[in-house]
>>> print(open('protein24.tsv').read())   # TSV, C-alpha atoms
chain	number	residue	atom	x	y	z
A	1229	PRO	CA	25.22	-52.84	-45.13
A	1230	ALA	CA	24.76	-55.52	-42.49
A	1231	THR	CA	21.38	-57.19	-42.39
A	1232	SER	CA	19.58	-59.26	-39.82
A	1233	ALA	CA	17.83	-61.37	-42.47
A	1234	THR	CA	17.75	-65.04	-41.72
A	1235	PRO	CA	17.85	-67.91	-44.23
A	1236	GLY	CA	14.17	-68.50	-43.43
A	1237	MET	CA	13.35	-64.93	-44.43
A	1238	ALA	CA	15.17	-65.41	-47.73
A	1239	LYS	CA	13.10	-68.55	-48.40
A	1240	LYS	CA	9.87	-66.67	-47.67
A	1241	GLU	CA	10.88	-63.92	-50.11
A	1242	ALA	CA	11.77	-66.49	-52.78
A	1243	ALA	CA	8.42	-68.21	-52.26
A	1244	LYS	CA	6.47	-65.05	-53.08
A	1245	PRO	CA	4.91	-65.05	-56.51
A	1246	VAL	CA	7.28	-63.83	-59.21
A	1247	ALA	CA	4.82	-61.10	-60.24
A	1248	GLU	CA	4.68	-59.74	-56.68
A	1249	ARG	CA	8.48	-59.57	-56.43
A	1250	ALA	CA	8.68	-57.91	-59.87
A	1251	GLU	CA	6.03	-55.38	-58.82
A	1252	LYS	CA	7.97	-54.47	-55.67
A	1253	ARG	CA	11.18	-54.14	-57.70
A	1254	GLU	CA	9.39	-51.88	-60.20
A	1255	MET	CA	8.01	-49.71	-57.37
A	1256	ALA	CA	11.51	-49.40	-55.89
A	1257	GLU	CA	12.89	-48.39	-59.29
A	1258	GLN	CA	10.12	-45.83	-59.83
A	1259	THR	CA	10.59	-44.33	-56.39
A	1260	GLY	CA	14.35	-44.14	-56.90
A	1261	GLY	CA	15.94	-40.92	-58.09
A	1262	PRO	CA	16.81	-38.66	-59.53
A	1263	ASP	CA	13.58	-36.76	-60.19
A	1264	LYS	CA	13.68	-34.77	-63.40
A	1265	GLY	CA	11.26	-32.29	-64.90
A	1266	LYS	CA	8.73	-29.93	-63.35
A	1267	PRO	CA	8.08	-30.19	-59.62
A	1268	GLU	CA	4.31	-30.38	-60.14
A	1269	SER	CA	4.48	-33.37	-62.49
A	1270	ASN	CA	6.90	-35.20	-60.17
A	1271	ILE	CA	4.65	-34.72	-57.16
A	1272	LYS	CA	1.50	-35.80	-59.04
A	1273	ARG	CA	3.32	-38.98	-60.04
A	1274	LEU	CA	4.59	-39.57	-56.51
A	1275	GLU	CA	1.19	-38.95	-54.90
A	1276	THR	CA	-0.37	-41.47	-57.31
A	1277	GLN	CA	2.30	-44.05	-56.43
A	1278	TRP	CA	1.80	-43.37	-52.74
A	1279	GLU	CA	-1.93	-44.10	-52.87
A	1280	GLU	CA	-1.28	-47.25	-54.93
A	1281	SER	CA	1.14	-48.42	-52.22
A	1282	VAL	CA	-1.59	-48.10	-49.58
A	1283	SER	CA	-3.81	-50.61	-51.37
A	1284	LYS	CA	-0.94	-53.10	-51.65
A	1285	HIS	CA	0.28	-52.66	-48.05
A	1286	ASP	CA	3.66	-51.95	-49.66
A	1287	THR	CA	5.96	-49.93	-47.41
A	1288	SER	CA	8.67	-49.45	-50.06
A	1289	PHE	CA	7.21	-46.12	-51.19
A	1290	VAL	CA	7.12	-44.74	-47.65
A	1291	GLU	CA	10.61	-46.05	-46.97
A	1292	ALA	CA	11.96	-44.36	-50.12
A	1293	ARG	CA	10.00	-41.11	-50.29
A	1294	VAL	CA	8.95	-40.11	-46.80
A	1295	ALA	CA	11.67	-38.05	-45.13
A	1296	ARG	CA	13.51	-39.31	-42.08
A	1297	ASP	CA	12.34	-36.14	-40.25
A	1298	PHE	CA	8.70	-36.49	-41.42
A	1299	ILE	CA	5.85	-35.30	-39.20
A	1300	GLY	CA	2.24	-36.11	-39.88
A	1301	VAL	CA	-1.29	-36.40	-38.57
A	1302	SER	CA	-3.25	-39.57	-39.35
A	1303	SER	CA	-6.95	-39.73	-40.23
A	1304	LYS	CA	-7.56	-40.67	-36.58
A	1305	GLY	CA	-5.86	-37.49	-35.35
A	1306	LYS	CA	-2.71	-39.28	-34.24
A	1307	ARG	CA	0.65	-37.50	-34.60
A	1308	MET	CA	3.15	-39.74	-36.32
A	1309	ASP	CA	6.70	-39.95	-37.55
A	1310	LYS	CA	8.01	-42.09	-40.41
A	1311	GLY	CA	8.31	-45.20	-38.23
A	1312	ALA	CA	4.70	-44.90	-37.05
A	1313	LEU	CA	3.55	-44.48	-40.67
A	1314	ILE	CA	5.35	-47.68	-41.69
A	1315	ARG	CA	3.81	-49.54	-38.74
A	1316	GLU	CA	0.37	-48.28	-39.78
A	1317	TYR	CA	0.88	-49.78	-43.26
A	1318	LYS	CA	2.01	-53.11	-41.80
A	1319	ASN	CA	-0.91	-53.29	-39.36
A	1320	ASP	CA	-3.58	-52.41	-41.95
A	1321	SER	CA	-5.74	-55.51	-42.39
A	1322	ASP	CA	-8.15	-54.03	-44.95
A	1323	SER	CA	-8.31	-55.48	-48.44
A	1324	TYR	CA	-8.63	-52.91	-51.24
A	1325	ALA	CA	-10.51	-53.22	-54.52
A	1326	SER	CA	-9.58	-49.65	-55.42
A	1327	ALA	CA	-7.47	-46.81	-54.02
A	1328	ARG	CA	-6.95	-43.65	-56.04
A	1329	ASN	CA	-6.48	-39.92	-55.70
A	1330	THR	CA	-8.95	-37.43	-57.13
A	1331	GLY	CA	-9.12	-33.65	-57.33
A	1332	MET	CA	-5.40	-33.24	-56.81
A	1333	THR	CA	-4.00	-29.71	-56.58
A	1334	VAL	CA	-0.22	-29.25	-56.64
A	1335	ARG	CA	1.46	-25.90	-56.05
A	1336	ALA	CA	5.17	-25.19	-56.19
A	1337	TYR	CA	6.53	-22.51	-53.86
A	1338	GLY	CA	9.87	-22.10	-55.55
A	1339	PRO	CA	12.00	-24.83	-57.12
A	1340	ASP	CA	12.24	-27.06	-54.06
A	1341	ILE	CA	9.00	-26.82	-52.02
A	1342	VAL	CA	5.65	-28.22	-53.16
A	1343	VAL	CA	2.32	-28.56	-51.38
A	1344	ALA	CA	-0.17	-31.10	-52.70
A	1345	ASN	CA	-3.80	-31.54	-51.70
A	1346	GLY	CA	-6.44	-34.00	-52.80
A	1347	VAL	CA	-8.93	-36.70	-51.93
A	1348	ALA	CA	-8.04	-40.37	-51.62
A	1349	LYS	CA	-10.94	-42.68	-52.40
A	1350	GLU	CA	-10.61	-46.21	-51.05
A	1351	ILE	CA	-13.03	-49.08	-51.65
A	1352	GLY	CA	-12.70	-52.57	-50.22
A	1353	LYS	CA	-13.44	-54.82	-47.27
A	1354	SER	CA	-12.34	-54.84	-43.67
A	1355	LYS	CA	-10.70	-57.87	-42.08
A	1356	ALA	CA	-14.18	-58.85	-40.85
A	1357	GLY	CA	-15.50	-58.75	-44.43
A	1358	GLU	CA	-17.46	-55.52	-44.02
A	1359	PRO	CA	-17.42	-53.38	-47.18
A	1360	PHE	CA	-16.08	-49.84	-46.99
A	1361	ASN	CA	-16.10	-46.83	-49.29
A	1362	ARG	CA	-14.03	-44.09	-47.68
A	1363	SER	CA	-12.72	-40.72	-48.74
A	1364	TYR	CA	-9.82	-38.96	-47.09
A	1365	VAL	CA	-8.85	-35.33	-47.63
A	1366	TRP	CA	-5.08	-34.94	-47.43
A	1367	THR	CA	-2.36	-32.29	-47.65
A	1368	ASP	CA	1.30	-33.19	-48.15
A	1369	THR	CA	4.37	-30.95	-48.13
A	1370	TRP	CA	7.32	-32.04	-50.26
A	1371	ILE	CA	10.90	-30.79	-50.39
A	1372	LEU	CA	13.56	-31.44	-53.00
A	1373	ARG	CA	16.65	-32.80	-51.26
A	1374	GLY	CA	19.51	-33.27	-53.66
A	1375	ASP	CA	17.75	-34.62	-56.74
A	1376	ARG	CA	14.88	-36.45	-54.99
A	1377	TRP	CA	11.53	-35.27	-53.68
A	1378	GLN	CA	10.69	-36.28	-50.11
A	1379	CYS	CA	7.47	-35.78	-48.17
A	1380	ILE	CA	8.26	-33.91	-44.97
A	1381	ALA	CA	4.74	-33.31	-43.61
A	1382	SER	CA	1.27	-34.74	-44.09
A	1383	HIS	CA	-2.22	-34.30	-42.70
A	1384	VAL	CA	-5.09	-36.71	-43.48
A	1385	MET	CA	-8.73	-36.39	-42.49
A	1386	LEU	CA	-11.68	-38.75	-43.06
A	1387	ALA	CA	-14.15	-36.84	-45.22
A	1388	SER	CA	-17.79	-36.84	-44.22
A	1389	GLY	CA	-19.97	-38.70	-46.71
A	1390	LYS	CA	-18.46	-40.23	-49.83
>>> encode(input="protein24.tsv", output="structure tokens")
Amino acid sequence: PATSATPGMAKKEAAKPVAERAEKREMAEQTGGPDKGKPESNIKRLETQWEESVSKHDTSFVEARVARDFIGVSSKGKRMDKGALIREYKNDSDSYASARNTGMTVRAYGPDIVVANGVAKEIGKSKAGEPFNRSYVWTDTWILRGDRWQCIASHVMLASGK
């Protein structure tokens, strides 16, 4: 496919630490298909990878696993499509010490529809250096398209307290 990358962009990519480029490549490989095995185990793995991508500001997971026709509601009550979700990742200026899912429940409704629910716990500092310790309750709906799971809908809400 044609790309609008410039030589300067290629230099910037080459200048990134080798470990960072390897990590992105590994994430792309992990988020690639096909998905094999039980739906529940696939979705647990994917939800874990998704939360890890938040802390790294890495859009490759969203690009690979969020459906083109995705609809969602952010923790601020904003309706968003896939493009808005990617922009949210890119504009996030927080720095994360930890981001993980807890209390995950995954239910399959047939061989190709799964609903997952859990709590994302994120600890870190804002751009201004203020510490945060936030919990978000989330629900995601996944569909198996071909041999790959894609998230088609999501709702996130800031939990009261920790």
>>> residues_around(input="protein24.tsv", residues="Ala1387 (chain A)", least_positions_apart="5", cutoff="9 Å", atoms="only C-alpha atoms", output="number ranges by chain")
A: 1347, 1362-1365
>>> write_last_selection(input="protein24.tsv", atoms="C-alpha atoms", output="PDB file, keeping the file's coordinate frame")
ATOM      1  CA  VAL A1347      -8.930 -36.700 -51.930  1.00  0.00           C
ATOM      2  CA  ARG A1362     -14.030 -44.090 -47.680  1.00  0.00           C
ATOM      3  CA  SER A1363     -12.720 -40.720 -48.740  1.00  0.00           C
ATOM      4  CA  TYR A1364      -9.820 -38.960 -47.090  1.00  0.00           C
ATOM      5  CA  VAL A1365      -8.850 -35.330 -47.630  1.00  0.00           C
TER       6      VAL A1365
END
>>> atom_distance(input="protein24.tsv", atom1="CA of Lys1349 (chain A)", atom2="CA of Tyr1337 (chain A)")
26.7 Å
>>> residues_near_point(input="protein24.tsv", point="(5.3, -39.5, -58.9)", cutoff="12 Å", atoms="all atoms listed in the file", output="VMD selection string")
chain A and resid 1255 1257 to 1281 1289 1293 1334 1344 1370 1376 to 1379
>>> residues_around(input="protein24.tsv", residues="Ala1381 (chain A)", least_positions_apart="2", cutoff="10 Å", atoms="only C-alpha atoms", output="list in words")
Val1294, Ala1295, Asp1297, Phe1298, Ile1299, Gly1300, Val1301, Met1308, Asp1309, Lys1310, Val1343, Thr1367, Asp1368, Thr1369, Trp1370, Ile1371, Gln1378, Cys1379 and His1383 of chain A
>>> residues_near_point(input="protein24.tsv", point="(-11.2, -50.0, -50.5)", cutoff="7 Å", atoms="only C-alpha atoms", output="ChimeraX atom specification")
/A:1323-1327,1350-1353,1360-1361
>>> closest_residue(input="protein24.tsv", among="A:Leu1386, A:Ala1348, A:Val1342, A:Ile1380", to="Ser1283 (chain A)", atoms="only C-alpha atoms")
A:Ala1348
>>> atom_distance(input="protein24.tsv", atom1="CA of Trp1366 (chain A)", atom2="CA of Ser1382 (chain A)")
7.2 Å
>>> atom_distance(input="protein24.tsv", atom1="CA of Arg1296 (chain A)", atom2="CA of Asp1322 (chain A)")
26.3 Å
>>> build_atoms(input="protein24.tsv", residues="region 1304-1316 of chain A", atoms="N, CA, C and O atoms", output="PDB file, in the coordinates of the input")
ATOM      1  N   LYS A1304      -6.994 -40.504 -37.926  1.00  0.00           N
ATOM      2  CA  LYS A1304      -7.560 -40.670 -36.580  1.00  0.00           C
ATOM      3  C   LYS A1304      -7.058 -39.592 -35.625  1.00  0.00           C
ATOM      4  O   LYS A1304      -7.273 -39.678 -34.416  1.00  0.00           O
ATOM      5  N   GLY A1305      -6.349 -38.589 -36.164  1.00  0.00           N
ATOM      6  CA  GLY A1305      -5.860 -37.490 -35.350  1.00  0.00           C
ATOM      7  C   GLY A1305      -4.596 -37.793 -34.579  1.00  0.00           C
ATOM      8  O   GLY A1305      -4.218 -37.066 -33.673  1.00  0.00           O
ATOM      9  N   LYS A1306      -3.913 -38.861 -34.947  1.00  0.00           N
ATOM     10  CA  LYS A1306      -2.710 -39.280 -34.240  1.00  0.00           C
ATOM     11  C   LYS A1306      -1.468 -38.660 -34.901  1.00  0.00           C
ATOM     12  O   LYS A1306      -1.288 -38.767 -36.114  1.00  0.00           O
ATOM     13  N   ARG A1307      -0.621 -38.029 -34.091  1.00  0.00           N
ATOM     14  CA  ARG A1307       0.650 -37.500 -34.600  1.00  0.00           C
ATOM     15  C   ARG A1307       1.570 -38.675 -34.863  1.00  0.00           C
ATOM     16  O   ARG A1307       1.625 -39.619 -34.086  1.00  0.00           O
ATOM     17  N   MET A1308       2.290 -38.618 -35.986  1.00  0.00           N
ATOM     18  CA  MET A1308       3.150 -39.740 -36.320  1.00  0.00           C
ATOM     19  C   MET A1308       4.419 -39.300 -37.024  1.00  0.00           C
ATOM     20  O   MET A1308       4.444 -38.286 -37.696  1.00  0.00           O
ATOM     21  N   ASP A1309       5.453 -40.124 -36.820  1.00  0.00           N
ATOM     22  CA  ASP A1309       6.700 -39.950 -37.550  1.00  0.00           C
ATOM     23  C   ASP A1309       6.759 -41.028 -38.633  1.00  0.00           C
ATOM     24  O   ASP A1309       5.803 -41.785 -38.827  1.00  0.00           O
ATOM     25  N   LYS A1310       7.883 -41.111 -39.327  1.00  0.00           N
ATOM     26  CA  LYS A1310       8.010 -42.090 -40.410  1.00  0.00           C
ATOM     27  C   LYS A1310       7.838 -43.521 -39.909  1.00  0.00           C
ATOM     28  O   LYS A1310       7.157 -44.326 -40.545  1.00  0.00           O
ATOM     29  N   GLY A1311       8.418 -43.845 -38.776  1.00  0.00           N
ATOM     30  CA  GLY A1311       8.310 -45.200 -38.230  1.00  0.00           C
ATOM     31  C   GLY A1311       6.862 -45.573 -37.925  1.00  0.00           C
ATOM     32  O   GLY A1311       6.424 -46.685 -38.204  1.00  0.00           O
ATOM     33  N   ALA A1312       6.103 -44.642 -37.359  1.00  0.00           N
ATOM     34  CA  ALA A1312       4.700 -44.900 -37.050  1.00  0.00           C
ATOM     35  C   ALA A1312       3.895 -45.086 -38.339  1.00  0.00           C
ATOM     36  O   ALA A1312       2.987 -45.917 -38.399  1.00  0.00           O
ATOM     37  N   LEU A1313       4.234 -44.337 -39.381  1.00  0.00           N
ATOM     38  CA  LEU A1313       3.550 -44.480 -40.670  1.00  0.00           C
ATOM     39  C   LEU A1313       3.799 -45.864 -41.262  1.00  0.00           C
ATOM     40  O   LEU A1313       2.881 -46.528 -41.746  1.00  0.00           O
ATOM     41  N   ILE A1314       5.023 -46.335 -41.184  1.00  0.00           N
ATOM     42  CA  ILE A1314       5.350 -47.680 -41.690  1.00  0.00           C
ATOM     43  C   ILE A1314       4.605 -48.743 -40.881  1.00  0.00           C
ATOM     44  O   ILE A1314       4.045 -49.680 -41.453  1.00  0.00           O
ATOM     45  N   ARG A1315       4.549 -48.575 -39.572  1.00  0.00           N
ATOM     46  CA  ARG A1315       3.810 -49.540 -38.740  1.00  0.00           C
ATOM     47  C   ARG A1315       2.321 -49.537 -39.093  1.00  0.00           C
ATOM     48  O   ARG A1315       1.682 -50.594 -39.124  1.00  0.00           O
ATOM     49  N   GLU A1316       1.779 -48.367 -39.390  1.00  0.00           N
ATOM     50  CA  GLU A1316       0.370 -48.280 -39.780  1.00  0.00           C
ATOM     51  C   GLU A1316       0.109 -49.091 -41.054  1.00  0.00           C
ATOM     52  O   GLU A1316      -0.878 -49.810 -41.160  1.00  0.00           O
TER      53      GLU A1316
END
